[in-house]
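> To be precise about what I am sending: the file is called work-v1.cif and holds mmCIF, C-alpha atoms.
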```cif
data_my_file
#
loop_
_atom_site.label_atom_id
_atom_site.label_comp_id
_atom_site.auth_asym_id
_atom_site.auth_seq_id
_atom_site.Cartn_x
_atom_site.Cartn_y
_atom_site.Cartn_z
CA MET A 1 90.04 95.84 92.38
CA PHE A 2 88.14 92.59 92.86
CA HIS A 3 86.13 92.24 96.01
CA CYS A 4 87.75 89.75 98.35
CA PRO A 5 85.63 89.64 101.50
CA ALA A 6 86.40 87.19 104.27
CA CYS A 7 83.81 84.76 102.89
CA VAL A 8 86.01 84.29 99.82
CA ASN A 9 88.66 82.67 101.98
CA SER A 10 86.10 80.09 102.98
CA ALA A 11 85.37 79.45 99.29
CA ILE A 12 89.00 78.59 98.55
CA PRO A 13 89.32 74.80 98.61
CA GLY A 14 90.96 73.59 101.80
CA GLU A 15 93.92 71.99 100.06
CA TYR A 16 94.81 75.38 98.53
CA LYS A 17 93.89 77.70 101.37
CA LYS A 18 97.14 77.30 103.30
CA ALA A 19 99.26 78.06 100.22
CA ALA A 20 97.07 81.03 99.28
CA GLU A 21 97.30 82.50 102.77
CA ALA A 22 101.08 81.93 102.81
CA LEU A 23 101.49 83.85 99.55
CA PHE A 24 99.41 86.80 100.76
CA PRO A 25 99.37 86.82 104.57
CA PRO A 26 97.29 89.43 106.40
CA GLY A 27 98.85 92.86 106.76
CA GLY A 28 99.51 93.83 103.16
CA SER A 29 102.62 91.77 102.67
CA ALA A 30 103.53 88.83 100.50
CA GLY A 31 105.27 85.57 101.15
CA GLY A 32 108.61 84.78 99.60
CA LEU A 33 109.85 82.78 96.67
CA GLU A 34 108.93 79.39 98.18
CA GLU A 35 105.33 80.51 98.70
CA ALA A 36 105.20 81.81 95.13
CA LEU A 37 106.53 78.49 93.83
CA THR A 38 103.91 76.59 95.82
CA PHE A 39 101.15 78.86 94.47
CA ALA A 40 102.48 78.38 90.93
CA GLY A 41 102.07 74.64 91.46
CA ILE A 42 98.46 75.14 92.46
CA LEU A 43 97.87 77.22 89.32
CA GLY A 44 99.41 74.44 87.22
CA ILE A 45 102.26 76.61 85.96
CA ASP A 46 105.11 75.49 88.22
CA ALA A 47 107.45 74.17 85.49
CA ASP A 48 107.05 77.29 83.33
CA TYR A 49 107.25 79.55 86.37
CA ARG A 50 110.52 77.98 87.50
CA LYS A 51 111.95 78.50 84.01
CA LEU A 52 110.79 82.11 84.07
CA LEU A 53 112.39 82.75 87.45
CA ASN A 54 115.65 81.40 86.07
CA LEU A 55 115.71 83.83 83.13
CA GLY A 56 117.70 86.19 85.31
CA ASP A 57 117.96 87.54 88.80
CA VAL A 58 116.33 90.69 90.04
CA ARG A 59 117.87 93.37 87.89
CA PRO A 60 118.73 96.90 88.96
CA LEU A 61 115.97 99.39 88.27
CA GLY A 62 116.21 100.65 84.69
CA SER A 63 118.50 97.87 83.47
CA SER A 64 117.77 95.91 80.30
CA PRO A 65 116.19 92.47 80.38
CA THR A 66 117.90 89.37 79.01
CA GLU A 67 117.05 88.21 75.50
CA GLU A 68 115.17 85.26 76.99
CA MET A 69 113.06 87.59 79.12
CA LYS A 70 112.35 89.77 76.09
CA LYS A 71 111.15 86.67 74.23
CA PHE A 72 108.94 85.72 77.16
CA LEU A 73 107.46 89.23 77.36
CA LEU A 74 106.75 89.17 73.63
CA SER A 75 104.99 85.83 74.09
CA PHE A 76 103.03 87.27 77.02
CA GLN A 77 102.02 90.32 74.99
CA ASN A 78 101.00 88.26 71.97
CA ASN A 79 98.92 85.87 74.05
CA LEU A 80 97.25 88.69 75.97
CA ASP A 81 96.53 90.58 72.73
CA LEU A 82 94.99 87.45 71.25
CA LEU A 83 92.90 86.85 74.37
CA ILE A 84 91.63 90.42 74.29
CA GLN A 85 90.92 90.37 70.54
CA LYS A 86 89.06 87.06 70.67
CA THR A 87 86.90 88.00 73.64
CA TRP A 88 83.36 88.72 72.58
CA VAL A 89 81.87 91.77 74.25
CA GLU A 90 78.79 93.92 73.85
CA LYS A 91 79.16 96.71 71.33
CA ASN A 92 79.35 99.33 74.08
CA ASP A 93 82.40 97.54 75.58
CA GLU A 94 84.45 97.54 72.36
CA ASP A 95 86.24 100.72 73.47
CA ARG A 96 87.28 98.90 76.68
CA LYS A 97 89.03 96.29 74.56
CA ASP A 98 90.83 99.00 72.60
CA ARG A 99 91.89 100.86 75.75
CA LEU A 100 93.15 97.67 77.34
CA GLN A 101 95.23 96.78 74.30
CA THR A 102 96.82 100.22 74.33
CA CYS A 103 97.87 99.68 77.98
CA ILE A 104 99.84 96.50 77.31
CA PRO A 105 102.95 98.12 75.72
CA GLY A 106 103.24 100.46 78.74
CA LEU A 107 103.09 97.48 81.08
CA ILE A 108 105.78 95.68 79.07
CA ASP A 109 107.97 98.80 79.13
CA VAL A 110 107.78 99.07 82.94
CA ILE A 111 108.55 95.37 83.32
CA GLU A 112 111.53 95.69 80.99
CA LYS A 113 112.84 98.54 83.18
CA ALA A 114 112.65 96.20 86.21
CA ASP A 115 110.30 98.53 88.11
CA TYR A 116 108.39 95.64 89.65
CA GLY A 117 106.26 97.73 92.02
CA ALA A 118 105.03 99.99 89.21
CA ALA A 119 104.58 96.94 86.98
CA LEU A 120 102.39 95.24 89.59
CA LYS A 121 100.25 98.36 89.82
CA LYS A 122 99.80 98.46 86.04
CA PHE A 123 99.25 94.71 85.91
CA GLY A 124 96.50 95.00 88.53
CA ALA A 125 94.72 97.56 86.34
CA VAL A 126 95.11 95.27 83.31
CA LEU A 127 93.64 92.35 85.26
CA GLU A 128 90.70 94.43 86.39
CA GLU A 129 89.86 95.37 82.79
CA LEU A 130 90.50 91.86 81.54
CA ALA A 131 88.12 90.47 84.14
CA TRP A 132 85.48 92.92 82.92
CA LEU A 133 85.98 91.79 79.33
CA LEU A 134 85.76 88.12 80.25
CA PHE A 135 83.04 88.25 82.92
CA GLY A 136 81.28 91.60 82.48
CA ALA A 137 79.58 93.20 85.46
CA GLN A 138 79.98 89.97 87.43
CA SER A 139 83.66 90.89 87.89
CA ARG A 140 82.64 93.87 90.05
CA LYS A 141 80.34 91.93 92.35
CA ASP A 142 81.28 90.91 95.89
CA ASP A 143 81.00 87.23 95.00
CA PHE A 144 83.13 87.34 91.84
CA ILE A 145 85.97 85.25 93.24
CA GLU A 146 83.54 82.63 94.52
CA TYR A 147 81.89 82.64 91.09
CA ALA A 148 85.25 82.17 89.34
CA LEU A 149 86.24 79.39 91.78
CA ARG A 150 83.02 77.53 90.92
CA ILE A 151 83.80 77.74 87.20
CA ASP A 152 87.38 76.50 87.58
CA THR A 153 89.44 76.33 90.76
CA GLN A 154 92.73 77.34 89.19
CA MET A 155 91.16 80.22 87.30
CA GLY A 156 89.35 81.32 90.44
CA LEU A 157 92.59 81.27 92.40
CA PHE A 158 94.22 83.34 89.64
CA TRP A 159 91.53 86.02 89.95
CA TRP A 160 91.88 85.85 93.74
CA TYR A 161 95.61 86.47 93.24
CA GLY A 162 94.68 89.44 91.01
CA GLY A 163 92.61 90.87 93.84
CA GLN A 164 95.49 90.54 96.28
CA ILE A 165 98.30 92.15 94.30
CA GLY A 166 96.84 95.61 94.78
CA ARG A 167 97.69 95.55 98.45
CA VAL A 168 101.18 94.18 97.85
CA PHE A 169 102.76 96.80 95.61
CA GLU A 170 101.78 99.60 97.98
CA GLY A 171 103.81 98.61 101.03
CA LEU A 172 106.32 96.07 99.81
CA THR A 173 109.85 97.08 98.87
CA ASP A 174 111.50 93.66 98.53
CA ARG A 175 112.14 93.61 94.78
CA THR A 176 112.69 89.83 94.76
CA VAL A 177 109.19 89.26 96.15
CA LEU A 178 107.64 91.92 93.91
CA ARG A 179 109.20 90.23 90.88
CA ALA A 180 108.08 86.77 92.01
CA VAL A 181 104.48 87.94 92.54
CA LEU A 182 104.43 89.73 89.17
CA LEU A 183 105.88 86.78 87.27
CA LEU A 184 103.17 84.49 88.68
CA GLY A 185 100.47 86.42 86.86
CA LEU A 186 102.47 86.95 83.69
CA CYS A 187 103.25 83.24 83.50
CA TYR A 188 99.62 82.22 84.10
CA LEU A 189 98.28 84.50 81.38
CA THR A 190 101.01 83.44 78.96
CA ASP A 191 99.94 79.83 79.46
CA PHE A 192 96.19 80.65 79.50
#
```
How does this structure look as structure tokens?


Amino acid sequence: MFHCPACVNSAIPGEYKKAAEALFPPGGSAGGLEEALTFAGILGIDADYRKLLNLGDVRPLGSSPTEEMKKFLLSFQNNLDLLIQKTWVEKNDEDRKDRLQTCIPGLIDVIEKADYGAALKKFGAVLEELAWLLFGAQSRKDDFIEYALRIDTQMGLFWWYGGQIGRVFEGLTDRTVLRAVLLLGLCYLTDF
């Protein structure tokens, strides 16, 4: 996914660095719910994120989401579709837009089945493609996160988050944390 060399950590503003490191500590793990709530505050989505967390507890794998969660996921999908459709790209990247839009229903389906690890994996792939659509080749460069942080701190921290989730879904089995990490990104993009 996104390159996140050690120098990126030095680019994260000091007031946010502690919260960022608490959410994704070294070793391929993730912090807990409190760290996710703190990070949501930094991203400016804390009120919406708290509401989202309260739409239901961690559900058993394969169980159906609540009606409120279904409404949220529809809102997420609509906003992401709109973002993708309205993004101007070079003619040779039009097929990327189409491929990305066809991935969204599969992501929603996995989220609805409460398979948070698989959903994070799919969401990471969606973020990688979305970054390409929004930033082009810059999104594949080693200094992408620093670049995004210079444009807007919250947006840069969101893309940093996107670069970290790839290492979380691989070794983490705590479904509460997986859900919390996933909902952070969904909430941010729904409010984008």

> Which residue out of A:Leu43, A:Ala137, A:Ala148, A:Ala30 has the minimum interatomic distance to Thr173 in chain A when only C-alpha atoms are used?

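Result for the nearest residue to Thr173 in chain A: A:Ala30.
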
> Could you name the residues that touch Leu83 in chain A at 12 Å or less, counting all atoms listed in the file, but leaving out those on the same chain fewer than 2 positions away, as a list of chain:residue names?

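Here the qualifying residues turn out to be A:Phe76, A:Gln77, A:Asn78, A:Asn79, A:Leu80, A:Asp81, A:Gln85, A:Lys86, A:Thr87, A:Trp88, A:Lys97, A:Leu100, A:Gln101, A:Leu130, A:Ala131, A:Leu133, A:Leu134, A:Leu189, A:Thr190, A:Asp191, A:Phe192.
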
> Give me, as a Markdown table, each residue of range 20-66 of chain A that comes within 12 Å of range 153-163 of chain A, together with its shortest interatomic pair and the distance in Å at one decimal, counting all atoms listed in the file, with rows ordered by chain and rising residue number.


```
| residue | atom | partner | partner_atom | distance |
| --- | --- | --- | --- | --- |
| A:Ala20 | CA | A:Leu157 | CA | 8.2 |
| A:Glu21 | CA | A:Tyr161 | CA | 10.5 |
| A:Ala22 | CA | A:Tyr161 | CA | 11.9 |
| A:Leu23 | CA | A:Tyr161 | CA | 9.0 |
| A:Phe24 | CA | A:Tyr161 | CA | 8.4 |
| A:Pro25 | CA | A:Tyr161 | CA | 11.9 |
| A:Gly28 | CA | A:Gly163 | CA | 12.0 |
| A:Ala30 | CA | A:Tyr161 | CA | 11.0 |
| A:Ala36 | CA | A:Tyr161 | CA | 10.8 |
| A:Phe39 | CA | A:Leu157 | CA | 9.1 |
| A:Ala40 | CA | A:Phe158 | CA | 9.7 |
| A:Gly41 | CA | A:Gln154 | CA | 10.0 |
| A:Ile42 | CA | A:Gln154 | CA | 7.0 |
| A:Leu43 | CA | A:Gln154 | CA | 5.1 |
| A:Gly44 | CA | A:Gln154 | CA | 7.5 |
| A:Ile45 | CA | A:Gln154 | CA | 10.1 |
```

> For the selection just defined, write its residues with C-alpha atoms to a file, as an mmCIF file, keeping the file's coordinate frame.


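Result file follows (result_2.cif):
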```
data_model
loop_
_atom_site.group_PDB
_atom_site.id
_atom_site.type_symbol
_atom_site.label_atom_id
_atom_site.label_comp_id
_atom_site.auth_asym_id
_atom_site.auth_seq_id
_atom_site.Cartn_x
_atom_site.Cartn_y
_atom_site.Cartn_z
ATOM 1 C CA ALA A 20 97.070 81.030 99.280
ATOM 2 C CA GLU A 21 97.300 82.500 102.770
ATOM 3 C CA ALA A 22 101.080 81.930 102.810
ATOM 4 C CA LEU A 23 101.490 83.850 99.550
ATOM 5 C CA PHE A 24 99.410 86.800 100.760
ATOM 6 C CA PRO A 25 99.370 86.820 104.570
ATOM 7 C CA GLY A 28 99.510 93.830 103.160
ATOM 8 C CA ALA A 30 103.530 88.830 100.500
ATOM 9 C CA ALA A 36 105.200 81.810 95.130
ATOM 10 C CA PHE A 39 101.150 78.860 94.470
ATOM 11 C CA ALA A 40 102.480 78.380 90.930
ATOM 12 C CA GLY A 41 102.070 74.640 91.460
ATOM 13 C CA ILE A 42 98.460 75.140 92.460
ATOM 14 C CA LEU A 43 97.870 77.220 89.320
ATOM 15 C CA GLY A 44 99.410 74.440 87.220
ATOM 16 C CA ILE A 45 102.260 76.610 85.960
#
```

> Name every residue that the PyMOL selection byres ((chain A and resi 33) around 10) selects in this structure, writing the answer as a list in words with chains first and numbers rising.

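Output from the PyMOL selection byres ((chain A and resi 33) around 10), applied to this file: Leu23, Ala30, Gly31, Gly32, Glu34, Glu35, Ala36, Leu37, Thr38, Phe39, Leu53, Thr176, Val177, Leu178, Arg179, Ala180 and Val181 of chain A.
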
> Record the distance separating CA of Glu90 in chain A and CA of Gln164 in chain A, expressed in Å with one decimal.

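Between CA of Glu90 in chain A and CA of Gln164 in chain A the gap works out to 28.2 Å.
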
> Which residue gives the smallest distance to Leu52 in chain A among A:Val168, A:Cys187, A:Ala114, A:Ile145, with only C-alpha atoms counted?

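Looking only at the distances to Leu52 in chain A, the closest residue turns out to be A:Cys187.
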
> Counting all atoms listed in the file, which of A:Ile165, A:Ile108, A:Leu55, A:Val89 gets nearest to Ala125 in chain A?

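Closest residue, counting all atoms listed in the file: A:Ile165.
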
> Which residues are close to Glu68 in chain A, i.e. within 10 Å by all atoms listed in the file, leaving aside same-chain residues fewer than 3 positions away? Reply as a ChimeraX atom specification.

/A:52,54-56,65,71-74

> What does the distance from CA of Val126 in chain A to CA of Asp142 in chain A come to in Å, to one decimal?

19.2 Å

> With only C-alpha atoms as the basis for distance, which of A:Gly166, A:Gly124, A:Pro60, A:Pro13 is at the shortest distance from Gly185 in chain A?

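Ranking A:Gly166, A:Gly124, A:Pro60, A:Pro13 by distance to Gly185 in chain A, first place goes to A:Gly124.
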
> Select, from A:Leu107, A:Leu82, A:Leu61, A:Ile12, the residue with the minimum atom-to-atom distance to Leu127 in chain A, counting all atoms listed in the file.

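Once distances to Leu127 in chain A are computed over all atoms listed in the file, the minimum belongs to A:Leu107.
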
> Could you tell me which of A:Thr66, A:Asp93, A:Trp132, A:Leu182 comes closest to Ala118 in chain A if we count only C-alpha atoms?

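Looking at the shortest contact to Ala118 in chain A, the residue is A:Leu182.
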
> As an exercise, work out the distance from CA of Ala119 in chain A to CA of Leu184 in chain A in Å and give it to one decimal place.

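Here the two named atoms are 12.6 Å from each other.
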
> Regenerate range 55-72 of chain A at the level of N, CA, C and O atoms and dump it as a PDB file, in the coordinates of the input.


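Full text of selection13.pdb as output:
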```pdb
ATOM      1  N   LEU A  55     115.289  83.019  84.271  1.00  0.00           N
ATOM      2  CA  LEU A  55     115.710  83.830  83.130  1.00  0.00           C
ATOM      3  C   LEU A  55     116.589  85.001  83.561  1.00  0.00           C
ATOM      4  O   LEU A  55     117.010  85.795  82.736  1.00  0.00           O
ATOM      5  N   GLY A  56     116.837  85.123  84.809  1.00  0.00           N
ATOM      6  CA  GLY A  56     117.700  86.190  85.310  1.00  0.00           C
ATOM      7  C   GLY A  56     117.287  86.574  86.711  1.00  0.00           C
ATOM      8  O   GLY A  56     116.141  86.381  87.109  1.00  0.00           O
ATOM      9  N   ASP A  57     118.227  87.091  87.440  1.00  0.00           N
ATOM     10  CA  ASP A  57     117.960  87.540  88.800  1.00  0.00           C
ATOM     11  C   ASP A  57     117.240  88.881  88.765  1.00  0.00           C
ATOM     12  O   ASP A  57     117.050  89.473  87.709  1.00  0.00           O
ATOM     13  N   VAL A  58     116.921  89.358  89.930  1.00  0.00           N
ATOM     14  CA  VAL A  58     116.330  90.690  90.040  1.00  0.00           C
ATOM     15  C   VAL A  58     117.366  91.679  89.514  1.00  0.00           C
ATOM     16  O   VAL A  58     118.499  91.723  89.984  1.00  0.00           O
ATOM     17  N   ARG A  59     116.959  92.423  88.518  1.00  0.00           N
ATOM     18  CA  ARG A  59     117.870  93.370  87.890  1.00  0.00           C
ATOM     19  C   ARG A  59     117.754  94.735  88.552  1.00  0.00           C
ATOM     20  O   ARG A  59     116.712  95.073  89.104  1.00  0.00           O
ATOM     21  N   PRO A  60     118.825  95.528  88.460  1.00  0.00           N
ATOM     22  CA  PRO A  60     118.730  96.900  88.960  1.00  0.00           C
ATOM     23  C   PRO A  60     117.663  97.673  88.201  1.00  0.00           C
ATOM     24  O   PRO A  60     117.431  97.424  87.010  1.00  0.00           O
ATOM     25  N   LEU A  61     117.011  98.570  88.879  1.00  0.00           N
ATOM     26  CA  LEU A  61     115.970  99.390  88.270  1.00  0.00           C
ATOM     27  C   LEU A  61     116.531 100.086  87.034  1.00  0.00           C
ATOM     28  O   LEU A  61     117.605 100.661  87.069  1.00  0.00           O
ATOM     29  N   GLY A  62     115.817  99.990  85.917  1.00  0.00           N
ATOM     30  CA  GLY A  62     116.210 100.650  84.690  1.00  0.00           C
ATOM     31  C   GLY A  62     117.139  99.845  83.799  1.00  0.00           C
ATOM     32  O   GLY A  62     117.428 100.246  82.682  1.00  0.00           O
ATOM     33  N   SER A  63     117.598  98.683  84.284  1.00  0.00           N
ATOM     34  CA  SER A  63     118.500  97.870  83.470  1.00  0.00           C
ATOM     35  C   SER A  63     117.712  97.095  82.412  1.00  0.00           C
ATOM     36  O   SER A  63     116.501  96.928  82.516  1.00  0.00           O
ATOM     37  N   SER A  64     118.415  96.627  81.406  1.00  0.00           N
ATOM     38  CA  SER A  64     117.770  95.910  80.300  1.00  0.00           C
ATOM     39  C   SER A  64     117.555  94.442  80.638  1.00  0.00           C
ATOM     40  O   SER A  64     118.388  93.823  81.288  1.00  0.00           O
ATOM     41  N   PRO A  65     116.448  93.894  80.146  1.00  0.00           N
ATOM     42  CA  PRO A  65     116.190  92.470  80.380  1.00  0.00           C
ATOM     43  C   PRO A  65     117.059  91.595  79.474  1.00  0.00           C
ATOM     44  O   PRO A  65     117.585  92.057  78.460  1.00  0.00           O
ATOM     45  N   THR A  66     117.181  90.328  79.838  1.00  0.00           N
ATOM     46  CA  THR A  66     117.900  89.370  79.010  1.00  0.00           C
ATOM     47  C   THR A  66     117.092  89.116  77.737  1.00  0.00           C
ATOM     48  O   THR A  66     115.892  89.411  77.667  1.00  0.00           O
ATOM     49  N   GLU A  67     117.742  88.551  76.761  1.00  0.00           N
ATOM     50  CA  GLU A  67     117.050  88.210  75.500  1.00  0.00           C
ATOM     51  C   GLU A  67     115.936  87.196  75.760  1.00  0.00           C
ATOM     52  O   GLU A  67     114.871  87.278  75.162  1.00  0.00           O
ATOM     53  N   GLU A  68     116.189  86.256  76.665  1.00  0.00           N
ATOM     54  CA  GLU A  68     115.170  85.260  76.990  1.00  0.00           C
ATOM     55  C   GLU A  68     113.940  85.911  77.625  1.00  0.00           C
ATOM     56  O   GLU A  68     112.811  85.547  77.322  1.00  0.00           O
ATOM     57  N   MET A  69     114.186  86.890  78.501  1.00  0.00           N
ATOM     58  CA  MET A  69     113.060  87.590  79.120  1.00  0.00           C
ATOM     59  C   MET A  69     112.307  88.411  78.078  1.00  0.00           C
ATOM     60  O   MET A  69     111.079  88.478  78.104  1.00  0.00           O
ATOM     61  N   LYS A  70     113.019  89.021  77.164  1.00  0.00           N
ATOM     62  CA  LYS A  70     112.350  89.770  76.090  1.00  0.00           C
ATOM     63  C   LYS A  70     111.459  88.849  75.267  1.00  0.00           C
ATOM     64  O   LYS A  70     110.337  89.217  74.909  1.00  0.00           O
ATOM     65  N   LYS A  71     111.955  87.642  74.979  1.00  0.00           N
ATOM     66  CA  LYS A  71     111.150  86.670  74.230  1.00  0.00           C
ATOM     67  C   LYS A  71     109.910  86.284  75.027  1.00  0.00           C
ATOM     68  O   LYS A  71     108.812  86.168  74.471  1.00  0.00           O
ATOM     69  N   PHE A  72     110.095  86.061  76.327  1.00  0.00           N
ATOM     70  CA  PHE A  72     108.940  85.720  77.160  1.00  0.00           C
ATOM     71  C   PHE A  72     107.921  86.861  77.156  1.00  0.00           C
ATOM     72  O   PHE A  72     106.719  86.625  77.011  1.00  0.00           O
TER      73      PHE A  72
END
```
